[in-house]
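Dumped input33.csv below, it's CSV, C-alpha atoms:
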```csv
chain,number,residue,atom,x,y,z
A,1,MET,CA,0.2,78.8,0.9
A,2,LEU,CA,-3.3,78.2,-0.2
A,3,ILE,CA,-5.4,75.5,1.5
A,4,LYS,CA,-5.7,73.5,-1.7
A,5,ASP,CA,-2.0,73.5,-2.1
A,6,ALA,CA,-1.5,72.2,1.4
A,7,GLY,CA,-3.5,69.0,0.8
A,8,GLY,CA,-7.0,70.2,1.0
A,9,GLU,CA,-9.7,69.9,3.7
A,10,PHE,CA,-8.5,66.9,5.7
A,11,ALA,CA,-4.8,68.1,5.8
A,12,LEU,CA,-6.1,71.4,7.0
A,13,ILE,CA,-8.1,69.8,9.8
A,14,GLN,CA,-5.0,67.9,11.0
A,15,ARG,CA,-2.9,71.1,11.0
A,16,LEU,CA,-5.5,73.0,13.0
A,17,SER,CA,-6.1,70.3,15.5
A,18,ARG,CA,-2.5,70.6,16.6
A,19,ILE,CA,-3.0,74.3,17.4
A,20,ILE,CA,-6.0,73.7,19.7
A,21,PRO,CA,-5.7,70.2,21.2
A,22,SER,CA,-8.8,68.2,21.7
A,23,ASN,CA,-7.5,65.6,24.1
A,24,HIS,CA,-9.3,65.3,27.4
A,25,ASP,CA,-10.2,62.4,29.6
A,26,THR,CA,-13.9,63.1,29.0
A,27,ILE,CA,-13.5,62.8,25.2
A,28,VAL,CA,-14.0,59.2,24.0
A,29,ALA,CA,-13.6,60.2,20.3
A,30,GLY,CA,-13.0,63.7,18.9
A,31,ILE,CA,-11.6,64.9,15.6
A,32,GLY,CA,-11.6,62.2,13.0
A,33,ASP,CA,-15.0,60.6,13.4
A,34,ASP,CA,-18.6,61.4,12.3
A,35,ALA,CA,-19.3,63.0,15.6
A,36,ALA,CA,-17.5,63.8,18.9
A,37,VAL,CA,-18.2,61.3,21.7
A,38,ILE,CA,-18.2,62.8,25.2
A,39,LYS,CA,-18.5,61.0,28.5
A,40,ILE,CA,-20.4,63.3,30.8
A,41,ASN,CA,-21.0,61.0,33.8
A,42,PRO,CA,-18.3,58.5,34.6
A,43,LYS,CA,-21.0,56.2,36.2
A,44,ASP,CA,-23.3,56.3,33.1
A,45,ASP,CA,-22.9,54.1,30.0
A,46,GLN,CA,-24.6,56.8,27.9
A,47,TYR,CA,-22.3,59.0,25.8
A,48,LEU,CA,-23.1,62.5,24.4
A,49,LEU,CA,-22.7,62.8,20.6
A,50,VAL,CA,-22.1,66.2,19.0
A,51,THR,CA,-21.9,66.9,15.3
A,52,THR,CA,-21.9,70.1,13.2
A,53,ASP,CA,-22.3,70.7,9.5
A,54,THR,CA,-22.4,73.9,7.4
A,55,LEU,CA,-24.2,74.3,4.0
A,56,VAL,CA,-23.3,77.2,1.8
A,57,ALA,CA,-25.5,78.5,-1.0
A,58,ASN,CA,-24.2,77.9,-4.5
A,59,ASP,CA,-21.9,75.2,-3.2
A,60,HIS,CA,-24.0,72.7,-1.1
A,61,PHE,CA,-27.3,73.9,-2.5
A,62,LYS,CA,-28.6,76.1,-5.3
A,63,THR,CA,-31.8,77.9,-4.9
A,64,VAL,CA,-32.5,77.8,-8.7
A,65,TRP,CA,-32.7,74.0,-8.4
A,66,ALA,CA,-33.9,73.3,-4.9
A,67,LYS,CA,-37.1,74.4,-3.2
A,68,PRO,CA,-36.4,75.8,0.3
A,69,GLU,CA,-38.3,72.9,1.9
A,70,GLN,CA,-35.8,70.5,0.1
A,71,ILE,CA,-32.9,72.5,1.4
A,72,GLY,CA,-34.3,72.3,4.9
A,73,ILE,CA,-34.7,68.5,4.7
A,74,LYS,CA,-31.2,68.0,3.3
A,75,THR,CA,-29.7,70.2,6.1
A,76,ILE,CA,-31.2,68.0,8.8
A,77,GLU,CA,-30.7,64.6,7.2
A,78,CYS,CA,-27.0,65.1,6.6
A,79,ASN,CA,-26.5,65.9,10.3
A,80,VAL,CA,-28.6,63.0,11.5
A,81,SER,CA,-26.6,60.8,9.2
A,82,ASP,CA,-23.5,61.6,11.3
A,83,ILE,CA,-25.3,60.6,14.5
A,84,ALA,CA,-26.6,57.4,12.8
A,85,ALA,CA,-23.0,56.5,11.8
A,86,MET,CA,-22.0,56.5,15.5
A,87,GLY,CA,-24.9,54.2,16.4
A,88,GLY,CA,-26.7,57.0,18.2
A,89,ILE,CA,-30.1,58.7,18.4
A,90,PRO,CA,-30.4,62.5,17.7
A,91,THR,CA,-31.9,64.7,20.4
A,92,TYR,CA,-31.3,68.5,20.4
A,93,MET,CA,-30.4,70.9,17.6
A,94,PHE,CA,-29.1,74.4,17.3
A,95,ILE,CA,-29.6,76.3,14.0
A,96,SER,CA,-27.4,79.2,12.8
A,97,LEU,CA,-28.3,81.1,9.7
A,98,VAL,CA,-26.5,83.6,7.5
A,99,LEU,CA,-29.1,85.5,5.4
A,100,THR,CA,-28.5,88.0,2.7
A,101,PRO,CA,-30.3,91.4,2.2
A,102,LYS,CA,-32.3,89.7,-0.6
A,103,THR,CA,-33.4,86.7,1.4
A,104,THR,CA,-37.2,86.8,2.0
A,105,VAL,CA,-39.1,85.9,5.0
A,106,GLU,CA,-41.2,83.5,2.9
A,107,TRP,CA,-38.1,81.6,1.7
A,108,THR,CA,-36.8,81.3,5.3
A,109,GLU,CA,-40.1,80.1,6.6
A,110,ARG,CA,-40.3,77.4,3.9
A,111,LEU,CA,-36.7,76.4,4.7
A,112,TYR,CA,-37.8,75.9,8.3
A,113,SER,CA,-40.8,73.9,7.2
A,114,GLY,CA,-38.5,71.4,5.5
A,115,MET,CA,-36.4,71.2,8.6
A,116,ALA,CA,-39.5,70.7,10.7
A,117,LEU,CA,-40.5,67.6,8.6
A,118,SER,CA,-37.2,65.9,9.3
A,119,CYS,CA,-37.1,67.0,12.9
A,120,LYS,CA,-40.5,65.5,13.4
A,121,LYS,CA,-39.5,62.2,11.8
A,122,HIS,CA,-36.4,61.9,13.9
A,123,ASN,CA,-37.9,63.4,17.2
A,124,ILE,CA,-35.4,66.3,17.3
A,125,ILE,CA,-36.0,69.3,19.5
A,126,THR,CA,-34.7,72.7,18.4
A,127,ALA,CA,-33.0,74.3,21.4
A,128,GLY,CA,-31.5,77.5,20.0
A,129,GLY,CA,-29.1,79.1,17.4
A,130,ASP,CA,-28.1,82.3,15.9
A,131,THR,CA,-28.9,84.6,12.9
A,132,THR,CA,-26.7,87.1,11.1
A,133,HIS,CA,-26.2,88.6,7.6
A,134,GLY,CA,-23.8,87.9,4.8
A,135,GLU,CA,-23.3,87.8,1.1
A,136,VAL,CA,-24.8,84.3,0.6
A,137,GLU,CA,-27.1,82.1,2.6
A,138,VAL,CA,-25.3,79.8,5.0
A,139,ILE,CA,-27.0,77.2,7.2
A,140,SER,CA,-25.0,75.7,10.1
A,141,ILE,CA,-26.4,73.0,12.3
A,142,THR,CA,-25.1,71.6,15.6
A,143,LEU,CA,-26.8,68.4,16.5
A,144,LEU,CA,-26.6,66.5,19.8
A,145,GLY,CA,-27.4,62.9,20.3
A,146,THR,CA,-26.9,60.0,22.7
A,147,VAL,CA,-25.5,56.5,22.3
A,148,SER,CA,-24.9,53.6,24.7
A,149,SER,CA,-21.4,52.3,25.1
A,150,LYS,CA,-22.3,49.0,23.7
A,151,ASN,CA,-23.8,50.5,20.5
A,152,LEU,CA,-21.0,53.1,19.9
A,153,CYS,CA,-19.5,52.6,16.4
A,154,LEU,CA,-16.2,54.3,15.5
A,155,ARG,CA,-14.2,54.5,12.3
A,156,SER,CA,-11.3,52.9,14.2
A,157,GLN,CA,-12.9,49.6,15.0
A,158,ALA,CA,-12.4,47.7,11.6
A,159,GLN,CA,-10.5,44.4,11.8
A,160,PRO,CA,-8.7,42.5,9.1
A,161,GLY,CA,-11.0,39.8,7.9
A,162,ASP,CA,-14.1,42.0,8.2
A,163,TRP,CA,-16.4,42.2,5.2
A,164,ILE,CA,-17.2,45.7,4.0
A,165,ALA,CA,-20.9,46.5,3.2
A,166,VAL,CA,-23.2,49.4,2.3
A,167,THR,CA,-26.9,49.9,3.0
A,168,GLY,CA,-28.0,51.0,-0.4
A,169,ALA,CA,-27.1,52.0,-4.0
A,170,LEU,CA,-24.5,54.7,-4.4
A,171,GLY,CA,-23.7,57.6,-6.8
A,172,ALA,CA,-27.3,58.9,-7.4
A,173,SER,CA,-26.8,62.3,-5.8
A,174,SER,CA,-23.6,62.9,-7.7
A,175,ALA,CA,-25.1,61.7,-11.0
A,176,GLY,CA,-28.1,64.0,-10.4
A,177,LEU,CA,-25.8,67.0,-9.6
A,178,ASN,CA,-23.7,66.4,-12.8
A,179,LEU,CA,-26.8,66.3,-15.0
A,180,LEU,CA,-28.3,69.4,-13.4
A,181,SER,CA,-25.0,71.3,-13.8
A,182,ARG,CA,-25.2,70.7,-17.5
A,183,ASP,CA,-28.9,71.5,-17.9
A,184,LEU,CA,-29.6,67.9,-18.9
A,185,PRO,CA,-32.8,65.9,-18.1
A,186,VAL,CA,-32.7,64.3,-14.6
A,187,SER,CA,-34.9,61.4,-13.6
A,188,SER,CA,-37.1,61.8,-10.5
A,189,TYR,CA,-35.1,59.2,-8.7
A,190,LEU,CA,-31.8,61.1,-9.1
A,191,LEU,CA,-33.5,64.5,-8.4
A,192,GLU,CA,-34.8,63.3,-5.1
A,193,LYS,CA,-31.5,61.7,-4.1
A,194,HIS,CA,-29.7,64.9,-4.7
A,195,LEU,CA,-32.2,67.6,-3.6
A,196,SER,CA,-33.8,65.9,-0.6
A,197,PRO,CA,-31.8,62.8,0.6
A,198,HIS,CA,-32.8,60.7,3.5
A,199,CYS,CA,-30.3,59.3,6.0
A,200,ARG,CA,-30.3,55.7,7.3
A,201,LEU,CA,-31.0,56.2,11.0
A,202,ASP,CA,-33.4,53.3,10.6
A,203,ALA,CA,-30.7,50.9,9.5
A,204,ALA,CA,-28.1,52.2,12.0
A,205,GLN,CA,-30.1,51.1,15.0
A,206,HIS,CA,-30.1,47.5,13.8
A,207,LEU,CA,-26.4,47.6,12.7
A,208,ALA,CA,-24.8,49.3,15.7
A,209,PRO,CA,-24.9,46.2,18.0
A,210,ILE,CA,-23.3,43.8,15.5
A,211,VAL,CA,-20.9,45.7,13.3
A,212,ASN,CA,-17.3,46.9,13.9
A,213,ALA,CA,-16.6,50.2,12.2
A,214,MET,CA,-19.3,52.4,10.6
A,215,ILE,CA,-19.3,55.7,8.7
A,216,ASP,CA,-21.8,57.6,6.6
A,217,ILE,CA,-21.2,58.1,2.9
A,218,SER,CA,-21.1,61.9,2.6
A,219,ASP,CA,-17.9,62.4,0.5
A,220,GLY,CA,-17.9,59.3,-1.7
A,221,LEU,CA,-17.1,55.6,-1.1
A,222,SER,CA,-13.4,56.1,-1.8
A,223,SER,CA,-13.0,58.8,0.8
A,224,GLU,CA,-15.0,56.9,3.5
A,225,ILE,CA,-13.0,53.7,3.0
A,226,ASN,CA,-9.8,55.7,3.4
A,227,HIS,CA,-11.1,57.2,6.6
A,228,ILE,CA,-11.8,53.8,8.1
A,229,CYS,CA,-8.4,52.4,6.9
A,230,PHE,CA,-6.5,55.4,8.4
A,231,GLN,CA,-8.3,55.3,11.7
A,232,SER,CA,-8.3,51.5,12.1
A,233,LYS,CA,-4.8,51.1,10.7
A,234,VAL,CA,-5.9,48.5,8.2
A,235,GLY,CA,-6.1,48.0,4.4
A,236,ALA,CA,-9.1,47.3,2.2
A,237,GLN,CA,-10.1,45.8,-1.1
A,238,ILE,CA,-13.2,47.1,-2.8
A,239,PHE,CA,-14.7,45.0,-5.6
A,240,ALA,CA,-15.8,47.3,-8.5
A,241,GLU,CA,-18.4,44.9,-9.8
A,242,SER,CA,-20.0,44.6,-6.4
A,243,ILE,CA,-20.7,48.4,-5.9
A,244,PRO,CA,-24.5,48.8,-6.2
A,245,LEU,CA,-25.6,51.3,-8.8
A,246,HIS,CA,-29.1,52.2,-9.7
A,247,PRO,CA,-30.0,51.9,-13.4
A,248,ASP,CA,-30.5,55.7,-13.5
A,249,VAL,CA,-26.9,56.2,-12.4
A,250,ILE,CA,-25.7,53.9,-15.1
A,251,GLU,CA,-27.8,55.8,-17.7
A,252,ALA,CA,-26.4,59.1,-16.4
A,253,GLY,CA,-22.9,57.8,-17.0
A,254,LYS,CA,-23.8,57.0,-20.6
A,255,THR,CA,-25.3,60.5,-21.1
A,256,LEU,CA,-22.3,62.3,-19.5
A,257,GLY,CA,-19.6,60.0,-21.0
A,258,GLN,CA,-18.4,59.1,-17.6
A,259,ALA,CA,-17.9,55.8,-15.8
A,260,PRO,CA,-20.9,55.3,-13.5
A,261,ILE,CA,-18.7,53.9,-10.7
A,262,ASP,CA,-17.0,57.3,-10.5
A,263,PHE,CA,-20.2,58.8,-9.1
A,264,ALA,CA,-20.2,56.3,-6.3
A,265,LEU,CA,-16.5,56.5,-5.5
A,266,ASN,CA,-15.9,60.2,-5.6
A,267,GLY,CA,-19.3,61.9,-5.7
A,268,GLY,CA,-20.7,61.9,-2.1
A,269,GLU,CA,-24.0,63.0,-0.5
A,270,ASP,CA,-25.5,59.5,-0.7
A,271,TYR,CA,-25.9,59.3,3.1
A,272,GLU,CA,-26.0,55.5,3.0
A,273,LEU,CA,-24.0,53.7,5.7
A,274,LEU,CA,-20.7,52.0,5.1
A,275,PHE,CA,-19.8,49.3,7.7
A,276,THR,CA,-17.5,46.5,8.4
A,277,ILE,CA,-18.6,43.3,10.0
A,278,ALA,CA,-16.9,40.1,11.2
A,279,PRO,CA,-17.9,37.0,9.3
A,280,GLU,CA,-19.2,35.4,12.5
A,281,ASN,CA,-21.9,38.1,12.8
A,282,PHE,CA,-23.4,37.6,9.4
A,283,ASN,CA,-26.3,35.5,10.7
A,284,LYS,CA,-27.2,38.4,13.0
A,285,LEU,CA,-27.0,40.8,10.0
A,286,LYS,CA,-29.4,38.6,8.0
A,287,GLN,CA,-31.8,38.4,10.9
A,288,THR,CA,-32.2,42.2,10.9
A,289,GLY,CA,-34.0,42.0,7.5
A,290,LEU,CA,-32.0,45.0,6.2
A,291,LYS,CA,-31.0,45.2,2.6
A,292,TYR,CA,-27.2,45.4,2.3
A,293,TYR,CA,-24.5,44.9,-0.3
A,294,ILE,CA,-21.1,43.4,0.3
A,295,VAL,CA,-18.5,45.6,-1.6
A,296,GLY,CA,-15.2,44.4,-0.2
A,297,LYS,CA,-13.1,43.2,2.7
A,298,ILE,CA,-10.7,44.6,5.3
A,299,THR,CA,-7.1,43.5,4.9
A,300,ASP,CA,-3.8,44.1,6.8
A,301,THR,CA,-2.5,47.7,6.7
A,302,GLU,CA,0.5,46.9,4.6
A,303,GLU,CA,-1.8,45.7,1.8
A,304,GLY,CA,-3.0,49.2,1.2
A,305,CYS,CA,-6.4,50.4,0.1
A,306,TYR,CA,-7.4,49.3,-3.4
A,307,LEU,CA,-10.2,49.0,-5.9
A,308,ILE,CA,-10.2,45.6,-7.6
A,309,THR,CA,-11.6,45.9,-11.1
A,310,GLU,CA,-13.6,43.2,-13.0
A,311,SER,CA,-10.3,42.2,-14.8
A,312,GLU,CA,-8.7,41.9,-11.3
A,313,ASN,CA,-6.5,45.0,-11.8
A,314,LYS,CA,-5.6,46.9,-8.6
A,315,ILE,CA,-6.2,50.7,-8.5
A,316,LYS,CA,-5.2,52.7,-5.5
A,317,LEU,CA,-8.3,54.1,-3.8
A,318,GLN,CA,-8.0,57.9,-3.5
A,319,GLY,CA,-10.2,60.9,-4.1
A,320,GLY,CA,-13.7,61.5,-2.8
A,321,TYR,CA,-15.2,64.9,-2.4
A,322,ASN,CA,-12.8,67.5,-0.9
A,323,HIS,CA,-14.1,71.1,-0.2
A,324,PHE,CA,-10.9,72.8,-1.1
A,325,THR,CA,-9.6,70.9,-4.2
```
Serialized structure, structure tokens:
Amino acid sequence: MLIKDAGGEFALIQRLSRIIPSNHDTIVAGIGDDAAVIKINPKDDQYLLVTTDTLVANDHFKTVWAKPEQIGIKTIECNVSDIAAMGGIPTYMFISLVLTPKTTVEWTERLYSGMALSCKKHNIITAGGDTTHGEVEVISITLLGTVSSKNLCLRSQAQPGDWIAVTGALGASSAGLNLLSRDLPVSSYLLEKHLSPHCRLDAAQHLAPIVNAMIDISDGLSSEINHICFQSKVGAQIFAESIPLHPDVIEAGKTLGQAPIDFALNGGEDYELLFTIAPENFNKLKQTGLKYYIVGKITDTEEGCYLITESENKIKLQGGYNHFT
């Protein structure tokens, strides 16, 4: 049976996690969140965060579109985004590279220059890694971080009655990718959002003490909402008209003959934060000065996970980016 016929990426993860159990009294949160949460010292309120991500040439990046510096930036930002979603701060990084016989030293050094820019911005220390050869370039990052117990945010902490919000406009990376794939003109805004995105670690530090659940938007709004609903055992309603879309995303939809909202729901790689917050904490949210957009509300689990259209039709939320389908 092929992976795509067995339910795709997340079904595969569930199957594999049963083969090598990840339950241990030191693991606060393991498979199923943006990063693993490990308690090293029982007397310490600081947790260790560990995340890993792999980018494959011609899938996650294309060298014909992206400069090596941009690929380096994207590689670090998508990993820091996972740490941010947990309410944490990144610390140490390990880099593993697969390079081809045609990969040049100059390309690799420029890749590292992009990484260095993001590492400097986020105060990340490179502590090691590995290098080998293969048929295509592959970049794999393992990133460590820390978070205090009071700031730890999990996907499993959403509560019925919470409002659902995002930290910025969605769909730009996907819209840019679709235009690039068809050799159509791409605005500078969409190009930057796809080729060299920036995570929201800045926002996460303000949100962590006051929100319930939080997740980064790497696989599309639809997928991330479903993750939160599954882990928290809740339902959700997302209001289509409230999803923030940049004018360039709307224009891309017209050019491609596609509903712009699809880029936000199913595209991914926006690296904004999606969070749920109790109504009584809204004043604290406003006091942070952060820009945010209310896109829905958390409901009871039996109500399911739905998109509410402008005409008040209910559409079951499913989809999002899946590596194997």
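The nearest approach to A:Glu137 among the residues A:Glu109, A:Gly171, A:Leu55, A:Leu190, with all atoms listed in the file taken into account, belongs to A:Leu55.
Using only C-alpha atoms, the set of residues no farther than 6 Å from the position (-26.9, 75.9, 5.7) comprises Thr54, Leu55, Val56, Val138, Ile139 and Ser140 of chain A.
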Residues as selected, C-alpha atoms, written as a JSON list (two decimals), in the frame of the given file, can you do that?
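And here's part09.json as it stands now:
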```json
[["chain", "number", "residue", "atom", "x", "y", "z"],
["A", 54, "THR", "CA", -22.40, 73.90, 7.40],
["A", 55, "LEU", "CA", -24.20, 74.30, 4.00],
["A", 56, "VAL", "CA", -23.30, 77.20, 1.80],
["A", 138, "VAL", "CA", -25.30, 79.80, 5.00],
["A", 139, "ILE", "CA", -27.00, 77.20, 7.20],
["A", 140, "SER", "CA", -25.00, 75.70, 10.10]]
```
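Using only C-alpha atoms, the shortest contact distance between A:Leu97 and any of A:Asn212, A:Ser311, A:Gln157, A:Thr132 is found at A:Thr132.
Reported to one decimal place, the separation of atom CA of A:Arg15 from atom CA of A:Ser222 is 22.3 Å.
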Give as an MDAnalysis selection string every residue, naming chains and numbers as the document does, that has an atom within 10 Å of (-22.5, 55.0, 8.0), counting only C-alpha atoms.
chainID A and resid 34 81:87 153:155 165:167 199:201 203:204 207:208 213:218 224 271:276
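The spacing separating atom CA of A:Ser118 from atom CA of A:Thr288 amounts to 24.3 Å.
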For the atom pair atom CA of A:Thr51 and atom CA of A:Arg110, what is the interatomic distance in Å to one decimal place?
24.1 Å
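With distances restricted to only C-alpha atoms, A:Ser149 is the closest residue to A:Pro42 from A:Gln258, A:Cys305, A:Asp59, A:Ser149.
Each of A:Ser188, A:Thr299, A:Asn178, A:Thr104 was compared to A:Pro68 using only C-alpha atoms, and A:Thr104 turns out to be the nearest.
Closest to A:Lys39 among A:Gln318, A:Asn266, A:Ser148, A:Thr131 is A:Ser148, based on only C-alpha atoms.
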If you count all atoms listed in the file, the residue of A:Val98, A:Leu317, A:Ala57, A:Leu117 closest to A:Ser196 turns out to be A:Leu117
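Residues lying within 8 Å of A:Leu307, counting only C-alpha atoms and ignoring same-chain neighbours fewer than 3 positions away, are Gln237, Ile238, Phe239, Ala240, Lys314, Ile315, Lys316 and Leu317 of chain A.
The environment of A:Gln70 within 9 Å, counting all atoms listed in the file and disregarding residues fewer than 6 places along the same chain, consists of Leu111, Gly114, Met115, Glu192, Leu195, Ser196 and Pro197 of chain A.
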Neighbouring residues of A:Asp270 were defined as those with any atom within 10 Å, considering all atoms listed in the file; residues of the same chain fewer than 5 positions away were excluded. Please report them as a PyMOL selection string.
chain A and resi 78+168-174+193-194+197-199+216-221+263-264
